[in-house]
Amino acid sequence: MNRKPETRCWKISIFLATLMVVRASIGLQGQTAAPQPPPLMLGTAWYPEQWPETRWEADLALMQQAGIHVVRVGEFAWSHMEPREGQYELDWLERAIAAAGRHGIYTLVGTPTAAPPAWLTRTYPDTLRMAEDGRRAEHGNREQYNFANPKYRDLARKIAGQMAKRFGHNPYVLGWQIDNEYEMASFDPDTKAQFQQWLKARYGTLDKLNAAWTTEYWSEAYSDWNQIPIQTGYGNPGLLLSWMRFVSATWRGYQKNQIDAIRANADTRQFITTNTMGWFDGYDHYTVEQDLDLAAWDDYVGQGHLDPAKNGAADDLTRGFKRKNFWIMETQPGSVNWAGVNNSLDKGEVRAMAWHNVGHGADVVSYWQWRSALNGQEQYHGTLVGSDGTPVPLYPEVQQLGTEFAKAGPVLAGTSPKSEIAVLYSYDSRWAIQWQKHNHDYDPVAELVSYYRPLRAISQSIDVIPPTDPLTPYKLVVAPGLNVLSDAAASNLIEYVRQGGHLVLGQRSAMKDQDNGLQPQRQPGPLADLLGGRVEQYYALIDPVPVTGKFGSSQGKLWAELLSANNHETEVLATYGESNGWLDGMPAAITRKTGKGRITYLGAWLDEAGMASAAKWMTDISGVKPALEAVPDGVEVCPRYGSKGTVYILVNFSKTQQSVSLPSPMTDVLEGGSKPSVTLPRYGVAVLSAAH
Ligand code: GLA
């Protein structure tokens with residue numbers, strides 16, 4: 001037997017191992033190595049700079065007792081880290097990280113660029129953001145900076161680099177959060193010039209831009225790049241969309257500036273993320289997330305109570321950014337301070353919400369915040385300890401979660417959701433509809449959720465992804481309101497149907513091209529031939545319209561598209577009842593089985609009952625199966641799949657106790673034992689594991 005290759009492998013392994021030890025010991029700089037962080041963690045936002053160091057131990061001990069394993073620090077502490085330009089003071093943060101480590105608590109370090117110090121914006125006034133009305137932001141709140149300003153980027157790069165030099169090899173630092181909730185663009189003259197340059201790079205010539213935006217309309221034609229204004233809300237649709245794309249690219253550049261500073265100084269083990277805001281649409285998240293290692297979002301209910309469909313869809317949206325598990329970087333310990341009514345979540349609801357997040361793929365749930373600063377803008381926000389530093393009534397509920405996460409972590413390690421259905425989401429489409437709603441009640445997120453809700457109830461798992469992602473793994477792909485259809489997305493969808501998939505287009509789909517111009521064919525534009533039908537006319541509705549057919553009898557609201565079929569394979573699924581005369585008796589939904597695949601167009605926004613039976617039809621005909629059959633309404637089933645088996649997280653959001661019979665006995669991870677069924681009180685949770 002020739003042992004040579006093996007010997008060589010051995011030698012390489014020994015060499016690599018030695019290298020790693022040497023590298024680690026250089027990296028640790030005398031610090032002891034941290035053990036592996038638990039696979040499922042509770043966390044909290046902690047602001048050590050707001051408290052005397054003598055208080056830290058007490059806070060960290062209380063965190064440890066609650067089962068908290070990660071703190072996020074630093075994201076608003078720039079004036080504490082760099083009190084004067086170039087004078088970096090990071091010793092306190094190093095001590096805070098070490099103190100947390102002594103309590104078995106890891107750290108996520110935030111770069112502080114969402115809140116620049118007063119000296120900075122005073123010395124360099126152009127670093128302040130300019131609002132659309134021409135007014136400069138001022139010091140005293142946060143997010144007052146200009147995301148496109150080169151000087152600001154220079155200073156941001158320096159502080160991020162200094163921090164990474166100090167903490168980039170710290171064994172207790174798991175990763176980095178860049179800035180905090182990117183939100184506000186700047187409209188200053190320099191940013192406008194950058195926008196014009198960006199347009200030049202995208203379109204190449206003014207002739208191309210003028211053609212794409214049809215600037216013959218209202219004499220809008222441009223003969224110089226510097227004539228192009230910034231418009232938001234109302235303006236040429238091509239210009240509006242371009243501005244949002246520029247804003248997205250600028251946030252990406254803003255972020256990359258800091259990523260590069262960190263990457264140059266940090267272990268690859270440390271990940272880089274930022275915290276997004278669910279359905280927030282101030283930039284295209286698919287653009288900005290490209291350069292990150294991990295997605296994370298801030299999950300706040302605000303007023304009212306958790307809507308599992310809407311919140312679960314936002315979890316799935318976030319999971320779709322990197323196509324893997326994510327973090328809940330912030331969530332409310334009971335209540336927020338910024339809603340109309342800042343009601344608390346009910347007793348048990350915080351725990352139910354956390355498990356629901358985990359069911360959708362969160363591996364960390366972190367509360368904002370540990371304790372309110374004694375002064376400052378957010379004194380009324382929910383916390384885990386009061387202003388006196390002792391636990392609030394919610395603390396034991398979070399502590400229970402801490403114990404449960406410790407039990408379930410090893411079982412959930414390496415598992416993640418897997419779906420047979422993809423719901424397509426695109427920022428371009430959302431903006432395009434919002435700019436020209438045509439019915440002021442038309443909300444594209446509500447439209448998405450109207451599909452998601454019944455489909456999720458049936459399938460128990462959905463991926464939310466952009467229309468250009470690979471689609472072959474899915475049995476059913478649903479595109480609610482895919483208004484802007486790029487050529488690349490159109491080819492992707494056509495190919496998916498050709499390969500045997502079922503594509504369902506929701507109302508308002510495929511009306512616009514990639515420049516937000518009308519497609520030269522009627523909806524669904526480049527997909528009309530495949531559908532063997534089209535939209536003859538759309539109608540904004542004041543009154544609901546009856547719809548009958550395969551989905552039973554229901555009401556269509558807000559919007560109705562009169563469809564036609566022009567291919568013998570195209571079948572009418574539902575028709576409108578008596579309405580405005582135009583719609584009466586005309587097709588509201590059509591489908592065509594073509595080759596191995598199928599394409600369906602639903603032109604009406606059906607009520608909940610109608611959507612539920614439409615979802616039933618879609619899933620039946622596509623062969624989509626639930627993970628667990630016969631689960632009572634209101635019980636959310638969230639399967640996570642791994643190499644050793646499946647873990648089902650069940651959360652009862654109904655108002656009463658519910659029993660769930662299991663297809664075969666499963667291990668009750670939280671309570672122990674093998675169970676043929678489980679009974680869940682309101683907000684009750686079960687974590688059940690079934691080996692292969
Ligand atoms: C956001 C911010 C936090 C805090 C919370 C309050 O998510 O990131 O700093 O202001 O809101 O809900």
# chains A, B, ... in the order shown; residues from 1 in each chain; ligands from 1
$ residues_near_ligand --ligand "ligand 1" --cutoff "6 Å" --atoms "only C-alpha atoms and all ligand atoms" --output "list in words"
Asn180, Glu181, Asp298 and Val336 of chain A
$ write_last_selection --atoms "C-alpha atoms" --output "compact mmCIF listing (two decimals), in the first residue's frame"
# COMPACT_ATOMS: atom_id res chain seq x y z
CA ASN A 180 -26.79 50.79 13.96
CA GLU A 181 -29.97 50.59 11.87
CA ASP A 298 -34.26 44.34 15.50
CA VAL A 336 -41.03 50.00 23.67
$ residues_around --residues "stretch 677-685 of chain A" --least-positions-apart "4" --cutoff "8 Å" --atoms "only C-alpha atoms" --output "MDAnalysis selection string"
chainID A and resid 348:349 351:352 355 649:662 665
$ closest_residue --among "A:Gln36, A:Trp582, A:Leu530, A:Val545" --to "A:Gly595" --atoms "only C-alpha atoms"
A:Leu530
$ residues_around --residues "A:Ala574" --least-positions-apart "6" --cutoff "12 Å" --atoms "only C-alpha atoms" --output "MDAnalysis selection string"
chainID A and resid 546:556 561:564 583:591 600:604 606 610 613:614 617
$ residues_around --residues "A:Leu155" --least-positions-apart "5" --cutoff "9 Å" --atoms "only C-alpha atoms" --output "PyMOL selection string"
chain A and resi 85+120+150+160
$ write_last_selection --atoms "all heavy atoms" --output "mmCIF file, in the first residue's frame"
data_model
loop_
_atom_site.group_PDB
_atom_site.id
_atom_site.type_symbol
_atom_site.label_atom_id
_atom_site.label_comp_id
_atom_site.auth_asym_id
_atom_site.auth_seq_id
_atom_site.Cartn_x
_atom_site.Cartn_y
_atom_site.Cartn_z
ATOM 1 N N GLU A 85 -10.193 64.261 18.788
ATOM 2 C CA GLU A 85 -9.793 63.626 17.534
ATOM 3 C C GLU A 85 -8.437 62.930 17.677
ATOM 4 O O GLU A 85 -7.452 63.529 18.121
ATOM 5 C CB GLU A 85 -9.736 64.649 16.386
ATOM 6 C CG GLU A 85 -9.443 63.959 15.066
ATOM 7 C CD GLU A 85 -9.599 64.857 13.847
ATOM 8 O OE1 GLU A 85 -9.984 66.028 13.986
ATOM 9 O OE2 GLU A 85 -9.335 64.343 12.731
ATOM 10 N N LEU A 120 -16.613 66.207 16.560
ATOM 11 C CA LEU A 120 -16.427 65.754 15.173
ATOM 12 C C LEU A 120 -17.275 66.599 14.213
ATOM 13 O O LEU A 120 -16.777 67.159 13.236
ATOM 14 C CB LEU A 120 -16.805 64.270 15.088
ATOM 15 C CG LEU A 120 -16.477 63.531 13.791
ATOM 16 C CD1 LEU A 120 -16.383 62.032 14.055
ATOM 17 C CD2 LEU A 120 -17.449 63.798 12.666
ATOM 18 N N PRO A 150 -16.973 61.944 2.554
ATOM 19 C CA PRO A 150 -15.659 61.274 2.625
ATOM 20 C C PRO A 150 -14.955 61.472 3.968
ATOM 21 O O PRO A 150 -14.315 60.556 4.472
ATOM 22 C CB PRO A 150 -14.864 61.908 1.489
ATOM 23 C CG PRO A 150 -15.870 62.543 0.595
ATOM 24 C CD PRO A 150 -17.068 62.884 1.432
ATOM 25 N N ALA A 160 -13.078 52.438 13.607
ATOM 26 C CA ALA A 160 -13.342 50.993 13.437
ATOM 27 C C ALA A 160 -12.020 50.224 13.418
ATOM 28 O O ALA A 160 -11.891 49.147 14.013
ATOM 29 C CB ALA A 160 -14.144 50.747 12.162
#
